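Peer 1: Below is the file query-v6.txt, with compact mmCIF, C-alpha atoms.
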```txt
# COMPACT_ATOMS: atom_id res chain seq x y z
CA MET A 92 0.00 0.00 0.00
CA LEU A 93 2.78 2.41 0.94
CA SER A 94 4.57 1.69 -2.32
CA VAL A 95 1.39 2.55 -4.28
CA ILE A 96 0.98 5.83 -2.37
CA LYS A 97 4.63 6.68 -2.99
CA ARG A 98 4.23 6.16 -6.73
CA ILE A 99 1.25 8.51 -7.07
CA ALA A 100 1.78 11.06 -4.25
CA PRO A 101 3.51 14.35 -5.14
CA ASP A 102 7.30 14.46 -4.95
CA LEU A 103 8.20 16.96 -2.20
CA GLY A 104 11.84 17.26 -3.30
CA PRO A 105 11.62 20.89 -4.49
CA LEU A 106 10.13 21.99 -1.16
CA ARG A 107 12.74 20.05 0.78
CA ASP A 108 15.74 21.26 -1.21
CA SER A 109 14.95 24.90 -2.05
CA ARG A 110 14.28 27.59 0.57
CA ASP A 111 13.20 30.12 -2.05
CA TYR A 112 10.73 27.69 -3.58
CA ARG A 113 9.24 27.14 -0.11
CA LEU A 114 8.76 30.90 0.26
CA LEU A 115 7.18 31.15 -3.19
CA MET A 116 4.80 28.35 -2.30
CA ALA A 117 3.84 29.92 1.04
CA SER A 118 3.20 33.28 -0.64
CA GLY A 119 1.22 31.60 -3.39
CA VAL A 120 -1.06 29.75 -1.00
CA ILE A 121 -1.89 32.95 0.88
CA THR A 122 -2.42 35.03 -2.27
CA MET A 123 -4.50 32.41 -4.04
CA PHE A 124 -6.84 32.25 -1.07
CA GLY A 125 -7.80 35.90 -1.36
CA THR A 126 -7.71 36.00 -5.16
CA PHE A 127 -10.21 33.17 -5.55
CA ILE A 128 -12.57 34.80 -3.06
CA THR A 129 -12.52 37.92 -5.23
CA MET A 130 -13.02 35.78 -8.33
CA VAL A 131 -16.42 34.81 -6.89
CA ALA A 132 -17.24 38.27 -5.54
CA LEU A 133 -16.68 40.26 -8.75
CA PRO A 134 -19.17 38.47 -11.05
CA TYR A 135 -21.61 38.03 -8.16
CA GLN A 136 -21.57 41.76 -7.44
CA MET A 137 -21.92 42.56 -11.14
CA MET A 138 -24.93 40.22 -11.37
CA GLU A 139 -26.52 41.89 -8.33
CA LEU A 140 -25.96 45.39 -9.72
CA THR A 141 -27.04 44.71 -13.33
CA GLY A 142 -28.78 41.31 -13.57
CA SER A 143 -27.19 40.96 -17.03
CA TYR A 144 -25.42 37.96 -18.58
CA LEU A 145 -23.63 40.30 -20.96
CA ALA A 146 -22.42 42.65 -18.23
CA VAL A 147 -20.84 39.72 -16.37
CA GLY A 148 -19.24 38.36 -19.53
CA LEU A 149 -17.87 41.80 -20.48
CA MET A 150 -15.84 41.90 -17.27
CA SER A 151 -13.46 39.38 -18.84
CA LEU A 152 -13.38 41.35 -22.08
CA ALA A 153 -12.47 44.55 -20.20
CA GLU A 154 -9.44 42.76 -18.76
CA PHE A 155 -8.23 41.48 -22.13
CA VAL A 156 -6.22 44.50 -23.34
CA PRO A 157 -4.34 45.01 -20.02
CA MET A 158 -3.61 41.28 -20.02
CA VAL A 159 -2.08 41.35 -23.51
CA VAL A 160 -0.04 44.54 -23.06
CA CYS A 161 1.16 43.88 -19.52
CA GLY A 162 1.74 40.18 -20.09
CA LEU A 163 4.17 40.83 -22.95
CA TRP A 164 5.86 43.76 -21.20
CA GLY A 165 6.04 41.79 -17.95
CA GLY A 166 7.95 39.10 -19.82
CA ALA A 167 10.42 41.64 -21.22
CA ILE A 168 11.19 43.23 -17.84
CA ALA A 169 11.44 39.78 -16.21
CA ASP A 170 14.46 39.07 -18.43
CA ALA A 171 15.96 42.55 -17.97
CA LEU A 172 15.54 43.30 -14.25
CA ASP A 173 15.63 41.67 -10.81
CA ARG A 174 12.64 39.33 -10.90
CA ARG A 175 12.15 39.48 -7.13
CA LYS A 176 11.70 43.27 -7.20
CA ILE A 177 9.14 43.03 -10.00
CA VAL A 178 7.16 40.51 -7.99
CA LEU A 179 7.26 42.66 -4.85
CA TYR A 180 6.20 45.92 -6.50
CA SER A 181 3.38 44.19 -8.38
CA GLU A 182 2.15 42.63 -5.14
CA ILE A 183 1.94 46.06 -3.53
CA GLY A 184 -0.09 47.30 -6.49
CA LEU A 185 -2.47 44.36 -6.21
CA LEU A 186 -2.96 45.10 -2.52
CA VAL A 187 -4.05 48.65 -3.47
CA THR A 188 -6.51 47.47 -6.14
CA SER A 189 -8.11 45.03 -3.74
CA GLY A 190 -8.46 47.83 -1.21
CA LEU A 191 -10.23 49.97 -3.82
CA LEU A 192 -12.74 47.20 -4.49
CA THR A 193 -13.36 46.95 -0.75
CA VAL A 194 -14.09 50.67 -0.49
CA ASN A 195 -16.42 50.60 -3.50
CA ALA A 196 -18.36 47.63 -2.10
CA LEU A 197 -18.92 49.47 1.18
CA LEU A 198 -20.41 52.53 -0.51
CA PRO A 199 -24.19 53.01 -0.22
CA GLU A 200 -24.36 52.71 -4.02
CA PRO A 201 -21.39 50.70 -5.41
CA GLN A 202 -20.35 51.83 -8.89
CA VAL A 203 -20.37 49.38 -11.79
CA TRP A 204 -17.59 51.23 -13.62
CA VAL A 205 -15.25 50.61 -10.68
CA LEU A 206 -15.60 46.86 -11.16
CA TYR A 207 -14.55 47.20 -14.79
CA VAL A 208 -11.73 49.71 -14.27
CA VAL A 209 -10.17 48.30 -11.10
CA GLY A 210 -10.64 44.75 -12.37
CA ALA A 211 -8.71 45.68 -15.53
CA LEU A 212 -5.99 47.39 -13.47
CA ALA A 213 -5.63 44.35 -11.21
CA MET A 214 -5.34 42.13 -14.28
CA GLY A 215 -2.61 44.36 -15.67
CA LEU A 216 -0.60 44.16 -12.45
CA THR A 217 -1.08 40.40 -12.25
CA CYS A 218 0.21 40.03 -15.80
CA LEU A 219 3.23 42.22 -15.09
CA GLN A 220 4.04 39.98 -12.12
CA ARG A 221 3.29 36.52 -13.46
CA PRO A 222 6.20 36.16 -15.97
CA SER A 223 8.69 36.97 -13.22
CA LEU A 224 7.06 34.44 -10.88
CA GLU A 225 7.13 31.77 -13.58
CA ALA A 226 10.72 32.57 -14.54
CA LEU A 227 11.87 32.34 -10.92
CA ILE A 228 10.97 28.66 -10.59
CA PRO A 229 13.64 27.22 -12.94
CA GLN A 230 16.20 29.37 -11.13
CA VAL A 231 15.40 28.08 -7.65
CA VAL A 232 14.57 24.43 -8.51
CA ARG A 233 16.91 21.79 -9.99
CA HIS A 234 16.26 20.77 -13.62
CA ASP A 235 15.41 17.17 -12.71
CA GLN A 236 12.90 18.41 -10.11
CA LEU A 237 10.95 20.69 -12.48
CA PRO A 238 8.21 18.11 -13.23
CA ALA A 239 7.69 17.69 -9.48
CA ALA A 240 7.65 21.48 -9.05
CA ALA A 241 4.96 21.73 -11.74
CA VAL A 242 2.79 19.30 -9.76
CA LEU A 243 3.40 21.12 -6.46
CA THR A 244 2.71 24.53 -8.00
CA SER A 245 -0.56 23.16 -9.35
CA LEU A 246 -1.38 21.69 -5.93
CA ARG A 247 -0.79 25.07 -4.30
CA TRP A 248 -3.15 26.75 -6.72
CA ASN A 249 -5.89 24.20 -6.17
CA LEU A 250 -5.79 24.22 -2.38
CA GLY A 251 -6.81 27.87 -2.51
CA ALA A 252 -9.22 27.28 -5.37
CA ILE A 253 -11.29 24.74 -3.41
CA VAL A 254 -11.71 26.40 -0.03
CA ALA A 255 -11.70 30.05 -1.12
CA PRO A 256 -14.56 30.03 -3.68
CA ALA A 257 -16.80 28.14 -1.26
CA LEU A 258 -15.96 30.65 1.46
CA GLY A 259 -16.35 33.49 -1.03
CA GLY A 260 -19.80 32.26 -2.06
CA TRP A 261 -20.88 32.12 1.57
CA LEU A 262 -19.36 35.54 2.36
CA VAL A 263 -21.01 37.41 -0.50
CA ALA A 264 -24.39 35.78 0.16
CA ALA A 265 -24.32 36.23 3.94
CA HIS A 266 -22.24 39.38 4.53
CA GLY A 267 -21.77 41.12 1.18
CA THR A 268 -18.86 41.57 -1.18
CA GLY A 269 -17.04 44.05 1.06
CA TRP A 270 -15.95 41.24 3.38
CA ALA A 271 -14.68 39.20 0.42
CA TYR A 272 -12.58 42.04 -0.96
CA GLY A 273 -11.31 42.87 2.53
CA LEU A 274 -9.97 39.33 2.99
CA ASP A 275 -8.25 39.57 -0.38
CA THR A 276 -6.54 42.78 0.73
CA ALA A 277 -5.29 41.10 3.90
CA SER A 278 -3.97 38.12 1.90
CA PHE A 279 -1.77 40.39 -0.23
CA ALA A 280 -0.33 42.00 2.90
CA LEU A 281 0.62 38.60 4.35
CA SER A 282 2.04 37.44 1.03
CA LEU A 283 4.41 40.41 0.92
CA VAL A 284 6.09 39.17 4.10
CA MET A 285 7.01 35.89 2.38
CA LEU A 286 8.13 37.44 -0.90
CA TRP A 287 10.36 39.95 0.88
CA ARG A 288 12.53 37.09 2.20
CA ILE A 289 13.35 35.62 -1.23
CA ARG A 290 16.93 36.28 -2.35
CA ALA A 291 17.57 38.75 -5.16
CA ILE A 292 17.60 37.15 -8.62
CA PRO A 293 19.77 39.36 -10.86
CA PRO A 294 19.16 39.25 -14.61
CA HIS A 295 21.32 37.20 -16.99
CA GLU A 296 24.71 38.87 -17.54
CA GLU A 297 23.90 39.36 -21.23
CA ALA A 298 20.30 40.45 -20.66
CA GLN A 299 18.92 43.04 -23.06
CA PRO A 300 17.04 46.10 -21.78
CA ALA A 301 13.27 45.73 -21.99
CA SER A 302 12.25 46.97 -25.42
CA LEU A 303 10.10 46.21 -28.42
CA ARG A 304 13.14 44.56 -30.01
CA SER A 305 13.61 42.19 -27.06
CA LEU A 306 9.88 41.38 -27.13
CA LEU A 307 10.08 40.51 -30.81
CA GLU A 308 13.09 38.29 -30.15
CA GLY A 309 11.02 36.29 -27.68
CA VAL A 310 8.12 36.05 -30.13
CA ARG A 311 10.44 34.86 -32.91
CA TYR A 312 11.90 32.19 -30.65
CA ALA A 313 8.46 30.97 -29.62
CA TRP A 314 7.29 30.87 -33.25
CA SER A 315 10.38 28.87 -34.24
CA ARG A 316 9.40 26.16 -31.71
CA LYS A 317 6.31 24.46 -33.14
CA ASP A 318 6.06 22.31 -30.03
CA LEU A 319 5.64 25.48 -27.94
CA VAL A 320 3.16 26.92 -30.43
CA GLY A 321 1.07 23.77 -29.94
CA THR A 322 0.90 24.29 -26.17
CA TYR A 323 -0.40 27.83 -26.70
CA LEU A 324 -2.95 27.11 -29.41
CA VAL A 325 -4.49 24.01 -27.84
CA ASP A 326 -4.94 25.74 -24.49
CA ILE A 327 -6.42 28.87 -26.09
CA ALA A 328 -8.89 26.75 -28.07
CA ALA A 329 -9.87 24.70 -25.02
CA MET A 330 -10.49 27.76 -22.87
CA LEU A 331 -12.13 29.87 -25.57
CA PHE A 332 -14.79 27.29 -26.31
CA ALA A 333 -15.33 25.54 -22.96
CA MET A 334 -14.47 28.01 -20.18
CA SER A 335 -17.83 29.08 -18.71
CA THR A 336 -17.37 30.33 -15.15
CA ALA A 337 -19.36 33.47 -16.04
CA LEU A 338 -22.40 31.17 -16.22
CA TYR A 339 -22.06 29.77 -12.69
CA PRO A 340 -24.13 32.42 -10.86
CA PHE A 341 -26.95 31.82 -13.34
CA LEU A 342 -26.69 28.01 -13.16
CA ALA A 343 -26.84 28.12 -9.35
CA LYS A 344 -29.89 30.37 -9.48
CA GLN A 345 -31.65 28.09 -12.00
CA LEU A 346 -31.02 25.09 -9.74
CA GLY A 347 -32.60 26.96 -6.81
CA ALA A 348 -29.37 27.19 -4.83
CA PRO A 349 -27.81 30.66 -5.28
CA GLU A 350 -25.87 30.17 -2.05
CA ALA A 351 -24.06 27.23 -3.72
CA VAL A 352 -22.44 29.38 -6.41
CA GLY A 353 -19.11 29.05 -4.60
CA MET A 354 -19.50 25.27 -4.79
CA LEU A 355 -19.61 25.47 -8.59
CA TYR A 356 -16.50 27.65 -8.66
CA SER A 357 -14.76 25.12 -6.41
CA ALA A 358 -15.73 22.07 -8.47
CA SER A 359 -13.00 22.27 -11.09
CA ALA A 360 -10.45 22.97 -8.36
CA VAL A 361 -11.52 19.82 -6.48
CA GLY A 362 -10.85 17.75 -9.59
CA ALA A 363 -7.60 19.59 -10.18
CA LEU A 364 -6.52 19.01 -6.57
CA ILE A 365 -7.12 15.27 -6.89
CA ALA A 366 -5.13 15.29 -10.13
CA SER A 367 -2.28 17.13 -8.37
CA LEU A 368 -2.28 14.90 -5.28
CA THR A 369 -2.07 11.80 -7.47
CA GLY A 370 0.11 13.47 -10.10
CA ARG A 371 3.45 11.79 -9.44
CA TRP A 372 2.74 9.50 -12.39
CA THR A 373 3.17 12.50 -14.70
CA ASN A 374 6.92 12.38 -13.95
CA ARG A 375 7.04 9.15 -15.95
CA VAL A 376 5.31 10.64 -19.00
CA HIS A 377 7.66 11.96 -21.69
CA ARG A 378 5.28 12.64 -24.60
CA HIS A 379 3.94 15.82 -23.08
CA GLY A 380 2.39 17.14 -26.31
CA MET A 381 0.11 14.14 -26.66
CA GLY A 382 -0.70 14.41 -22.96
CA VAL A 383 -1.88 18.02 -23.44
CA ILE A 384 -4.07 16.99 -26.41
CA VAL A 385 -5.78 14.11 -24.61
CA ALA A 386 -6.37 16.19 -21.48
CA ALA A 387 -7.87 19.08 -23.50
CA LEU A 388 -10.25 16.68 -25.29
CA LEU A 389 -11.41 15.30 -21.92
CA TRP A 390 -11.90 18.85 -20.60
CA GLY A 391 -14.23 19.75 -23.47
CA ALA A 392 -16.17 16.49 -23.28
CA ALA A 393 -16.74 16.87 -19.53
CA MET A 394 -18.05 20.43 -19.94
CA ALA A 395 -20.44 19.32 -22.69
CA LEU A 396 -21.79 16.54 -20.46
CA ALA A 397 -22.16 18.96 -17.54
CA ALA A 398 -24.71 20.94 -19.56
CA LEU A 399 -27.06 17.93 -19.56
CA ILE A 400 -27.08 17.51 -15.78
CA PRO A 401 -30.13 18.79 -13.80
CA ASN A 402 -28.71 17.93 -10.35
CA MET A 403 -26.30 20.16 -8.44
CA TYR A 404 -24.11 17.31 -7.16
CA ALA A 405 -23.88 15.58 -10.54
CA LEU A 406 -23.05 18.92 -12.12
CA PHE A 407 -20.31 19.34 -9.52
CA PHE A 408 -18.89 15.92 -10.50
CA PHE A 409 -18.57 16.74 -14.20
CA LEU A 410 -17.10 20.16 -13.50
CA ALA A 411 -14.58 18.45 -11.20
CA LEU A 412 -13.74 15.94 -13.94
CA ALA A 413 -13.14 18.83 -16.33
CA GLY A 414 -10.90 20.50 -13.74
CA ALA A 415 -8.80 17.34 -13.35
CA ALA A 416 -8.27 17.13 -17.11
CA ASP A 417 -7.33 20.82 -17.30
CA MET A 418 -4.82 20.39 -14.48
CA ILE A 419 -3.08 17.47 -16.19
CA SER A 420 -2.82 19.60 -19.34
CA GLY A 421 -1.31 22.41 -17.28
CA ILE A 422 1.28 20.13 -15.65
CA PHE A 423 2.48 18.86 -19.02
CA ARG A 424 2.59 22.36 -20.53
CA LEU A 425 4.51 23.81 -17.59
CA THR A 426 7.00 20.94 -17.69
CA MET A 427 7.64 21.50 -21.41
CA TRP A 428 8.16 25.22 -20.87
CA ASN A 429 10.47 24.94 -17.87
CA GLN A 430 12.59 22.11 -19.25
CA THR A 431 13.25 23.52 -22.73
CA ILE A 432 13.36 27.35 -22.61
CA PRO A 433 16.74 29.05 -21.89
CA ASN A 434 16.90 31.20 -18.77
CA GLU A 435 17.69 34.38 -20.72
CA LEU A 436 14.39 33.98 -22.59
CA ARG A 437 12.29 32.49 -19.80
CA GLY A 438 10.62 35.73 -18.76
CA ARG A 439 9.58 36.76 -22.27
CA LEU A 440 8.29 33.29 -23.04
CA ALA A 441 6.44 33.31 -19.70
CA GLY A 442 4.70 36.46 -20.93
CA ILE A 443 3.63 34.67 -24.09
CA GLU A 444 2.50 31.68 -22.04
CA LEU A 445 0.45 34.02 -19.90
CA LEU A 446 -1.35 35.26 -23.00
CA SER A 447 -2.19 31.69 -23.95
CA TYR A 448 -3.58 30.52 -20.60
CA ALA A 449 -5.16 33.86 -19.59
CA SER A 450 -6.64 35.11 -22.85
CA GLY A 451 -8.53 31.87 -23.44
CA PRO A 452 -10.54 32.02 -20.19
CA MET A 453 -11.26 35.74 -20.65
CA LEU A 454 -12.51 35.31 -24.18
CA GLY A 455 -14.25 32.09 -23.15
CA ASN A 456 -16.24 33.84 -20.46
CA ALA A 457 -17.15 36.62 -22.90
CA ARG A 458 -18.26 33.91 -25.35
CA ALA A 459 -20.23 32.17 -22.60
CA GLY A 460 -21.96 35.41 -21.64
CA ALA A 461 -22.93 36.14 -25.25
CA MET A 462 -24.16 32.59 -25.91
CA GLY A 463 -25.99 32.61 -22.59
CA ALA A 464 -27.83 35.76 -23.62
CA LEU A 465 -28.89 34.00 -26.85
CA GLY A 466 -29.80 30.54 -25.63
CA GLY A 467 -29.40 30.33 -21.86
CA ALA A 468 -26.69 29.02 -19.55
CA ARG A 469 -27.02 25.32 -20.44
CA PHE A 470 -26.89 25.98 -24.18
CA ALA A 471 -23.74 28.08 -23.75
CA LEU A 472 -22.10 25.41 -21.58
CA GLY A 473 -22.91 22.41 -23.79
CA ALA A 474 -22.24 24.01 -27.18
CA GLY A 475 -18.94 25.37 -25.90
CA GLY A 476 -17.79 21.93 -24.77
CA LEU A 477 -18.56 20.39 -28.16
CA LEU A 478 -16.79 23.21 -30.00
CA CYS A 479 -13.75 22.64 -27.76
CA VAL A 480 -13.54 18.94 -28.68
CA GLY A 481 -13.72 19.75 -32.38
CA ALA A 482 -11.13 22.53 -32.22
CA VAL A 483 -8.59 20.51 -30.21
CA ALA A 484 -8.95 17.51 -32.54
CA ALA A 485 -8.32 19.77 -35.55
CA LEU A 486 -5.23 21.33 -33.95
CA ALA A 487 -3.84 17.90 -33.03
CA ALA A 488 -4.05 16.88 -36.68
CA ALA A 489 -2.49 20.14 -37.88
CA LEU A 490 0.49 20.18 -35.43
CA PRO A 491 2.50 16.95 -35.83
CA THR A 492 5.64 18.39 -34.18
CA PHE A 493 3.68 19.17 -31.03
CA ARG A 494 1.85 15.85 -31.13
CA ARG A 495 5.13 13.90 -31.35
CA TYR A 496 7.10 15.88 -28.75
CA ASP A 497 9.19 13.62 -26.48
CA ALA A 498 11.33 15.01 -23.65
CA ARG A 499 13.82 12.14 -24.07
CA THR A 500 14.69 13.16 -27.62
CA SER A 501 13.87 16.88 -27.81
CA PRO A 502 17.08 18.78 -28.75
CA GLU A 503 15.96 21.80 -26.71
CA ALA A 504 15.22 19.73 -23.59
CA LEU A 505 18.55 17.88 -23.78
CA ALA A 506 20.54 21.07 -24.40
CA GLU A 507 18.88 22.92 -21.52
CA LYS A 508 19.46 19.99 -19.17
CA GLU A 509 23.16 19.96 -20.02
CA ARG A 510 23.48 23.73 -19.65
CA ARG A 511 21.86 23.74 -16.21
CA GLU A 512 23.96 20.81 -15.02
CA GLN A 513 27.13 22.63 -16.10
CA ALA A 514 25.97 25.81 -14.33
CA ALA A 515 25.26 23.85 -11.14
CA GLU A 516 28.74 22.25 -11.27
CA ALA A 517 30.38 25.64 -11.81
CA THR A 518 28.51 27.10 -8.82
CA ALA A 519 29.46 24.15 -6.61
```
As structure tokens, what does this structure read like?

Peer 2:
Amino acid sequence: MLSVIKRIAPDLGPLRDSRDYRLLMASGVITMFGTFITMVALPYQMMELTGSYLAVGLMSLAEFVPMVVCGLWGGAIADALDRRKIVLYSEIGLLVTSGLLTVNALLPEPQVWVLYVVGALAMGLTCLQRPSLEALIPQVVRHDQLPAAAVLTSLRWNLGAIVAPALGGWLVAAHGTGWAYGLDTASFALSLVMLWRIRAIPPHEEAQPASLRSLLEGVRYAWSRKDLVGTYLVDIAAMLFAMSTALYPFLAKQLGAPEAVGMLYSASAVGALIASLTGRWTNRVHRHGMGVIVAALLWGAAMALAALIPNMYALFFFLALAGAADMISGIFRLTMWNQTIPNELRGRLAGIELLSYASGPMLGNARAGAMGALGGARFALGAGGLLCVGAVAALAAALPTFRRYDARTSPEALAEKERREQAAEATA
């Protein structure tokens, strides 16, 4: 029995061996807790203020431009400056935006425009920060431990994603959105304490200043790697067509359980947590491209089936199944990125990655809101899942390099492994 548990349980090596990774994990757990509470509070408050599917869906659309601009620029500065400082300053900015949402929620008449503007500003700061956070991991974790770090990072995310939305749903229903935003503000303050203790991570000695030219260099490198292009396109397609969290407040209301809206937001995280806790087997998978494809197909199929379910608990099950598939896809994508991209390009490529895994959900929720306005929540959920399956199957056929990727034979993966081993020997 113990041997079975050992084979599937997460490998804790990165936490045991790297102090900075432990601090990043602690900060991430605290921050994710507050962020996911706000993720429930924002659409819930918009629904209360407007009662409109479209208004809720447009919240994601309003965040799209800041995400694109700041994600790319965040990648450029992550390769040019001290990544720790970028993370710290962005965290302070996020604390301020959460405080503004708290103040607005406590007003006698909360303003709808504040939700759009401050939500967009918070997204911009998050996207400035995220490439530096992603680029820090390969610098503080050994190359051979990166698959395990991908599982642990996913586990961290999902621990917050399960408890926090449920708590957020209860808070906004029982005490109002002000409490939810206030907890988010406190979480950023606590997170800053952890991030402050991480050692400085100076840029590569040959790092270029952040500029349009350096951004284009990162884009050219990404485009030259068809295996990387596959990770971006498949994830964008999966999220664009099947992401439907904007529909959850309406689904909960239709099922006669508006107080359970947090439960729906938690469902995919429950599945993802189970996938992370049992994710050690992913260390033995080397064909990561095919793994991403299969997981994305399962994600779409589960969302399509969820649209047919009239029972809250059965709906929760299929949303959890979708979340598990999405998490496996994320583990394989993160492993490919961290094991094959040179350190001097890691920040810029992390910015491009951010566009792939953030733009899809934003556009997907806008799509869900528009389709919901036309045919209702269940139509938007089911049709989106079917469109996802079709799009991923088409991309799999069109991207043979991505489909055949194997970490054991990839020239980029082998070269990066050798470079990092030589750097570790030189440091020792």

Peer 1: For His266 of chain A, which of A:Tyr207, A:Arg424, A:Tyr180, A:Leu197 is the closest residue, counting all atoms listed in the file?

Peer 2: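 So, comparing all the options, the nearest one is A:Leu197.
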
Peer 1: Calculated over all atoms listed in the file, which of the candidates A:Ala459, A:Val385, A:Ala240, A:Leu346 has the smallest distance to Arg113 of chain A?

Peer 2: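 Under the stated criterion, the closest residue is A:Ala240.
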
Peer 1: Taking into account all atoms listed in the file, which residue in the set A:Arg221, A:Arg494, A:Arg288, A:His379 is nearest to Glu182 of chain A?

Peer 2: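 Of A:Arg221, A:Arg494, A:Arg288, A:His379, the one nearest Glu182 of chain A is A:Arg221, counting all atoms listed in the file.
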
Peer 1: Applying 9 Å and only C-alpha atoms, which residues near Ser181 of chain A remain after dropping the ones on its own chain fewer than 6 positions away? List them as number ranges by chain.

Peer 2: A: 216-217, 219-220

Peer 1: What's the separation between atom CA of Met214 of chain A and atom CA of Val159 of chain A, in Å to one decimal place?

Peer 2: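 Result for atom CA of Met214 of chain A versus atom CA of Val159 of chain A: 9.8 Å, one decimal.
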